[in-house]
Each structure stands twice: as C-alpha cells, then as structure tokens.
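Chemist: If it helps, the file is called structure_12.cif and holds mmCIF, C-alpha atoms:
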data_structure
#
loop_
_atom_site.label_atom_id
_atom_site.label_comp_id
_atom_site.auth_asym_id
_atom_site.auth_seq_id
_atom_site.Cartn_x
_atom_site.Cartn_y
_atom_site.Cartn_z
CA MET N 1 106.23 121.84 46.01
CA LYS N 2 106.38 124.18 49.00
CA ARG N 3 102.87 123.11 49.98
CA VAL N 4 103.83 119.40 49.94
CA LEU N 5 106.93 120.08 52.04
CA PHE N 6 104.85 122.11 54.50
CA ILE N 7 102.32 119.28 54.86
CA ILE N 8 105.08 116.70 55.43
CA LEU N 9 106.71 118.90 58.09
CA ALA N 10 103.35 119.59 59.76
CA ILE N 11 102.52 115.89 59.97
CA GLY N 12 105.98 115.14 61.37
CA THR N 13 105.62 117.85 64.00
CA ILE N 14 102.15 116.71 65.03
CA SER N 15 103.22 113.07 65.31
CA CYS N 16 106.19 114.07 67.48
CA GLU N 17 103.92 116.05 69.79
CA THR N 18 101.54 113.17 70.43
CA ASP N 19 102.81 110.50 72.77
CA ASN N 20 103.31 107.79 70.14
CA VAL N 21 104.72 104.95 72.15
CA GLU N 22 105.32 101.52 70.70
CA PRO N 23 103.02 98.89 72.19
CA LYS N 24 104.42 95.99 74.18
CA THR N 25 103.05 92.57 75.00
CA VAL N 26 102.87 91.97 78.74
CA ASP N 27 102.98 88.35 79.91
CA LEU N 28 101.17 88.01 83.23
CA GLU N 29 101.50 84.20 83.67
CA LYS N 30 97.81 83.43 83.10
CA PHE N 31 97.28 85.75 80.12
CA THR N 32 98.99 88.20 77.79
CA ILE N 33 97.83 91.66 76.76
CA GLN N 34 99.29 94.25 74.40
CA VAL N 35 99.47 97.72 75.99
CA PRO N 36 101.25 101.01 75.29
CA GLY N 37 104.94 100.84 76.17
CA THR N 38 104.61 103.35 79.01
CA TRP N 39 102.03 101.26 80.91
CA ASN N 40 103.48 99.10 83.70
CA ALA N 41 101.90 95.87 84.92
CA SER N 42 102.36 94.21 88.28
CA LYS N 43 100.84 91.31 90.19
CA LEU N 44 99.27 91.96 93.57
CA GLN N 45 98.65 89.67 96.54
CA GLY N 46 95.41 87.80 96.05
CA PHE N 47 93.78 85.37 98.47
CA ASP N 48 91.68 83.22 96.19
CA SER N 49 92.41 84.65 92.75
CA PHE N 50 95.13 86.00 90.46
CA VAL N 51 95.03 89.81 90.74
CA GLY N 52 97.11 92.75 89.66
CA GLN N 53 97.14 96.17 88.11
CA ILE N 54 98.42 98.09 85.14
CA GLU N 55 99.56 101.58 85.99
CA ILE N 56 98.87 104.07 83.21
CA ASN N 57 100.11 107.15 85.07
CA ASP N 58 100.05 108.58 88.61
CA LYS N 59 96.27 109.04 88.53
CA GLU N 60 94.99 106.22 86.32
CA LYS N 61 95.20 102.49 86.98
CA ILE N 62 93.60 99.39 85.54
CA THR N 63 92.96 96.37 87.76
CA PHE N 64 92.48 92.73 86.83
CA ASP N 65 91.14 89.68 88.63
CA LEU N 66 91.12 86.08 87.42
CA GLY N 67 89.27 83.70 89.72
CA TRP N 68 85.92 82.36 90.88
CA TYR N 69 84.59 85.69 92.15
CA SER N 70 85.77 88.26 89.63
CA ASN N 71 83.78 91.51 89.40
CA GLU N 72 80.99 91.03 86.84
CA LEU N 73 81.14 94.73 85.90
CA LYS N 74 77.47 95.29 86.62
CA VAL N 75 77.00 98.87 85.47
CA ASP N 76 73.99 101.09 84.93
CA PRO N 77 72.87 100.79 81.29
CA THR N 78 71.66 104.39 81.36
CA THR N 79 75.22 105.60 82.00
CA HIS N 80 77.23 102.88 80.25
CA ASP N 81 77.31 101.15 76.88
CA ILE N 82 77.31 97.35 77.27
CA ASP N 83 78.35 95.18 74.33
CA PHE N 84 79.28 91.54 73.81
CA MET N 85 82.00 90.20 71.55
CA THR N 86 84.32 87.24 71.17
CA ILE N 87 87.91 87.63 72.34
CA ASP N 88 90.32 84.68 72.20
CA ASN N 89 87.35 82.44 71.34
CA LYS N 90 85.56 83.42 74.55
CA ARG N 91 82.39 85.47 75.06
CA ALA N 92 83.25 88.85 76.56
CA LYS N 93 81.11 91.60 78.06
CA ILE N 94 82.53 95.06 77.25
CA VAL N 95 81.47 98.09 79.30
CA LYS N 96 82.32 101.75 78.74
CA PRO N 97 80.85 104.98 80.07
CA LYS N 98 78.62 107.04 77.82
CA ASN N 99 80.27 110.17 79.28
CA LEU N 100 84.05 109.85 79.11
CA GLY N 101 85.82 109.89 82.44
CA GLN N 102 82.64 109.19 84.38
CA GLY N 103 82.47 105.45 84.83
CA THR N 104 84.01 102.06 84.25
CA THR N 105 85.75 100.86 81.10
CA GLY N 106 86.54 97.16 80.96
CA VAL N 107 85.77 93.58 80.04
CA TYR N 108 84.33 90.62 81.92
CA PHE N 109 84.47 86.94 80.95
CA ASP N 110 82.04 84.70 82.84
CA SER N 111 84.00 81.60 81.88
CA LEU N 112 87.54 80.93 80.72
CA GLU N 113 87.16 77.16 80.40
CA THR N 114 84.53 74.47 79.95
CA ALA N 115 84.30 73.87 83.72
CA LYS N 116 83.05 77.48 84.00
CA THR N 117 84.82 78.10 87.29
CA ASN N 118 87.34 80.81 86.42
CA LYS N 119 86.10 84.25 85.49
CA PHE N 120 88.13 87.29 84.48
CA GLN N 121 87.76 91.05 84.53
CA ILE N 122 90.04 93.92 83.72
CA SER N 123 88.84 97.48 84.12
CA GLY N 124 89.58 101.08 84.98
CA THR N 125 87.40 103.86 86.36
CA GLY N 126 87.44 107.50 85.35
CA LEU N 127 89.92 107.02 82.50
CA SER N 128 90.71 109.86 80.12
CA SER N 129 89.28 109.62 76.62
CA ASP N 130 92.65 108.56 75.16
CA ASN N 131 93.30 105.94 77.84
CA GLN N 132 89.78 104.58 77.54
CA LYS N 133 90.36 104.01 73.82
CA LEU N 134 93.77 102.47 74.48
CA LEU N 135 92.30 100.08 77.06
CA LEU N 136 89.52 99.02 74.70
CA THR N 137 92.15 98.27 72.04
CA ALA N 138 94.29 96.38 74.56
CA ILE N 139 91.30 94.29 75.65
CA GLU N 140 90.98 92.90 72.14
CA SER N 141 94.56 91.60 72.35
CA LEU N 142 93.90 89.45 75.44
CA ARG N 143 95.12 85.86 75.09
CA PHE N 144 94.58 83.35 77.89
CA LYS N 145 96.89 80.48 78.78
CA ASN N 146 95.69 77.02 79.74
#
Can you turn what I pasted into structure tokens?
Modeler:
Amino acid sequence: MKRVLFIILAIGTISCETDNVEPKTVDLEKFTIQVPGTWNASKLQGFDSFVGQIEINDKEKITFDLGWYSNELKVDPTTHDIDFMTIDNKRAKIVKPKNLGQGTTGVYFDSLETAKTNKFQISGTGLSSDNQKLLLTAIESLRFKN
C-alpha cells in the first residue's frame, strides 16, 4: 500500500513540475489552430498576404504567411526530414530538423483551394525539442476557412 501511495504522489509531483498547460484554439480569421495556452498569436502587417506570428516565449517564435508567395520551406534533405500528409483535406509538406534546435520546423501547403492561388506556411527556426513537438502537434489541428 505504501508503494502505491508513493507512486501516486511521485506522478502527481512530476506532472506539477512539467508545464502542463491546457491547449487553446486560436482563431486567426483565415484559419484556426490549437496551441498550448501560453502561446500568443498576433497578426502582422502584410502587403500582399495574411501574415502573423505565434510567440512561444522571449526567444522562440513561429511565423505564418497565407498568400500567393508563401515560403515553400525548401530545406536541405540531408539536415531535415521532409514528409507529406493530409491536413484538413489538403496536401501538406512537413519539415523538421534531424538535429533538434538546428533548423526549421513547419508545414507548407501549395494550394488551399481549387484555383491554386493561395499558399500557406507556418514555421519556426531553432525551436527546443519540446516546442518542436508541440508545433508539429498544433500543425495537425489546422483548419482553414473559406
């Protein structure tokens, strides 16, 4: 019985020490994304596209761009893993560094509609291991508005 109580207390202590923050859904007019509750999103001034950032902390930020000329996230395949998947019924290119903290983590969509004019990317560079994983999870929650 003492062993069970010890295990329960140990798990409770460990979970309190990690920064378990409830996720929140951020509505950014053109899309929604579910991120940790401590991350803060804001729109920025764009000239020909919808741009903004999500601030993780003082040192780490994620940027996004929805428009005709969004960054295609062309990365070196020797230093990055490149995968493709479907998110919100759209083909997505996922990139992440092979060595954590030493490259770009993000997603690129070459088309958000049948006209194939609007593209989208959201990415961060030099993210910590934890924040890289959190961003990759958040990317899967992307939902685009018409």
Chemist: Counting all atoms listed in the file, what is within 12 Å of Thr63 of chain N, bar same-chain residues fewer than 6 positions away, as a ChimeraX atom specification?
Modeler: /N:40-44,50-56,70-71,104-108,120-125,135
Chemist: Using all atoms listed in the file, determine which residues lie at most 9 Å from Gln102 of chain N, disregarding the query and same-chain residues fewer than 6 positions distant; provide the list as an MDAnalysis selection string.
Modeler: chainID N and resid 79 125:127
Chemist: Take the PyMOL selection byres ((chain N and resi 23) around 12), run it mentally on this structure, and tell me the resulting residues as a PyMOL selection string.
Modeler: chain N and resi 19-22+24-26+33-40+134-135+137-138+141
Chemist: As a short mmCIF file (atom, residue, chain, number, x, y, z; two decimals) with C-alpha atoms, keeping the file's coordinate frame, please: the residues near Lys30 of chain N (cut-off 9 Å, all atoms listed in the file, same-chain neighbours under 5 positions excluded).
Modeler:
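Now in selection07.cif:
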data_model
loop_
_atom_site.label_atom_id
_atom_site.label_comp_id
_atom_site.auth_asym_id
_atom_site.auth_seq_id
_atom_site.Cartn_x
_atom_site.Cartn_y
_atom_site.Cartn_z
CA PHE N 50 95.13 86.00 90.46
CA LEU N 66 91.12 86.08 87.42
CA ARG N 143 95.12 85.86 75.09
CA PHE N 144 94.58 83.35 77.89
CA LYS N 145 96.89 80.48 78.78
CA ASN N 146 95.69 77.02 79.74
#
Chemist: Can you tell me how far atom CA of Asp65 of chain N sits from atom CA of Ser49 of chain N, in Å to one decimal?
Modeler: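 Atom CA of Asp65 of chain N sits 6.6 Å away from atom CA of Ser49 of chain N.
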Chemist: Just to confirm, what's the straight-line distance from atom CA of Val95 of chain N to atom CA of Lys61 of chain N in Å (one decimal)?
Modeler: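 Between atom CA of Val95 of chain N and atom CA of Lys61 of chain N the gap works out to 16.3 Å.
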Chemist: So which one's closest to Trp68 of chain N, N:Phe109, N:Lys90, N:Ser129, N:Leu142? Using only C-alpha atoms, please.
Modeler: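 That would be N:Phe109, the residue with the smallest distance to Trp68 of chain N.
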Chemist: Taking all atoms listed in the file into account, name the residue in N:Gly67, N:Ile82, N:Gly103, N:Gln132 that is nearest to Lys119 of chain N.
Modeler: N:Gly67
Chemist: Choose the residue, out of N:Asp88, N:Thr32, N:Glu113, N:Gly46, that has the smallest atom-to-atom separation from Tyr69 of chain N; count only C-alpha atoms.
Modeler: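 Checking each candidate against Tyr69 of chain N, we get N:Gly46 as the closest.
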Chemist: Figure out the distance between atom CA of Arg91 of chain N and atom CA of Lys74 of chain N, please, to one decimal in Å.
Modeler: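 That distance, rounded to one decimal, is 15.9 Å.
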